[in-house]
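For reference, the structure is listed below as structure tokens.
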Amino acid sequence: MAIALAELPSESFVTQAIVLFFGAVGITVAVYGSVALIVKADDVGLWMARDGRTGPTRAFGRGIVIGMPYFLTGLTIVGTAAMIWVGGSIIVHGVHDFGLHLAGDVIHDASVSAGAVLGGVVGWVVETLGYATAGIAVGAVAIPVVGYLISPLWTAIKKMLPGAKTTTT
């Protein structure tokens with residue numbers, strides 16, 4: 001949505017709103033449609049394996065049923081890596097806007113240098129690994145802070161509020 005809006009800076013408000021509306025609907029249909037296909041794939045495979053008219057259809061259905069756990073495992077790994085990478089990128093760019101340039105400058109300089117020597121793909125990989133490293137570093141700090149400090153503190157505060165439910169074991 002931000003990319004679409006950035007491509008329309010000189011357009012009227014109405015034009016921007018219409019483009020964003022259709023973009024939002026299209027993205028929503030694409031994302032939820034993809035998720036629906038993934039969620040229902042094993043059901044379709046089971047149906048094909050059980051009720052398929054031909055041997056190849058039944059074999060394909062069995063292949064879907066057998067393959068879905070592996071596909072979902074791979075999707076989990078890729079999705080987690082992508083979230084770490086994107087989260088690190090957001091954090092690095094965000095702190096840059098607050099005047100903390102070191103992380104962003106190091107990642108940028110390393111990727112430009114690697115790209116100049118070894119090619120653009122290597123530069124992109126270096127940049128991606130830099131952002132992923134930042135995401136892992138922030139997570140390594142944030143997870144214990146939230147788990148051992150903020151969450152117990154919040155639980156204690158909620159217990160002190162009027163009308164708080166007390167549980168006994």
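Chain labels run A, B, ... following the order of the structure tokens; each chain numbers its residues from 1, and ligands are numbered from 1 in the order shown.
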
Practice task
Write out as a list of chain:residue names the residues lying within 10 Å of segment 36-50 of chain A, counting only C-alpha atoms and excluding same-chain residues fewer than 2 positions away.
Solution key: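 My list of contacting residues is A:Ala30, A:Val31, A:Tyr32, A:Gly33, A:Ser34, A:Gly52, A:Arg53, A:Thr54, A:Gly55, A:Pro56, A:Thr57, A:Arg58, A:Ala59, A:Phe60, A:Gly61, A:Arg62, A:Gly63, A:Ile64, A:Val65, A:Ile66, A:Gly67, A:Met68, A:Pro69, A:Phe71, A:Leu72.
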
Exercise for the section: List every residue of chain A that DSSP, applied to the backbone of this structure, assigns to alpha helix (DSSP H), and report them as an MDAnalysis selection string. Expected result: chainID A and resid 2:6 13:51 55:97 102:118 120:145 151:160

Handout entry: Selection: 12 Å around Ala2 of chain A, only C-alpha atoms, excl. self and same-chain fewer than 6 positions, as a count of residues only
Key = 7

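Comparing the minimum interatomic distances between Ala132 of chain A and each of A:Gly88, A:Pro152, A:Gly26, A:Gly79, counting only C-alpha atoms, we find that A:Gly88 sits nearest.
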
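Residues in contact with Gly87 of chain A at 8 Å, where only C-alpha atoms are counted and same-chain residues fewer than 3 positions away are skipped, are listed as Met83, Ile84, Ile90, Ile91, Tyr131, Ala132 and Gly135 of chain A.
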
Handout entry: Coordinates-based distance that separates atom CA of Val141 of chain A from atom CA of Gly104 of chain A (Å, one decimal)
Key = 18.7 Å

Handout entry: Interatomic distance, atom CA of Ala110 of chain A to atom CA of Val126 of chain A (Å, one decimal)
Key =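 We find that atom CA of Ala110 of chain A and atom CA of Val126 of chain A lie 6.9 Å from each other.
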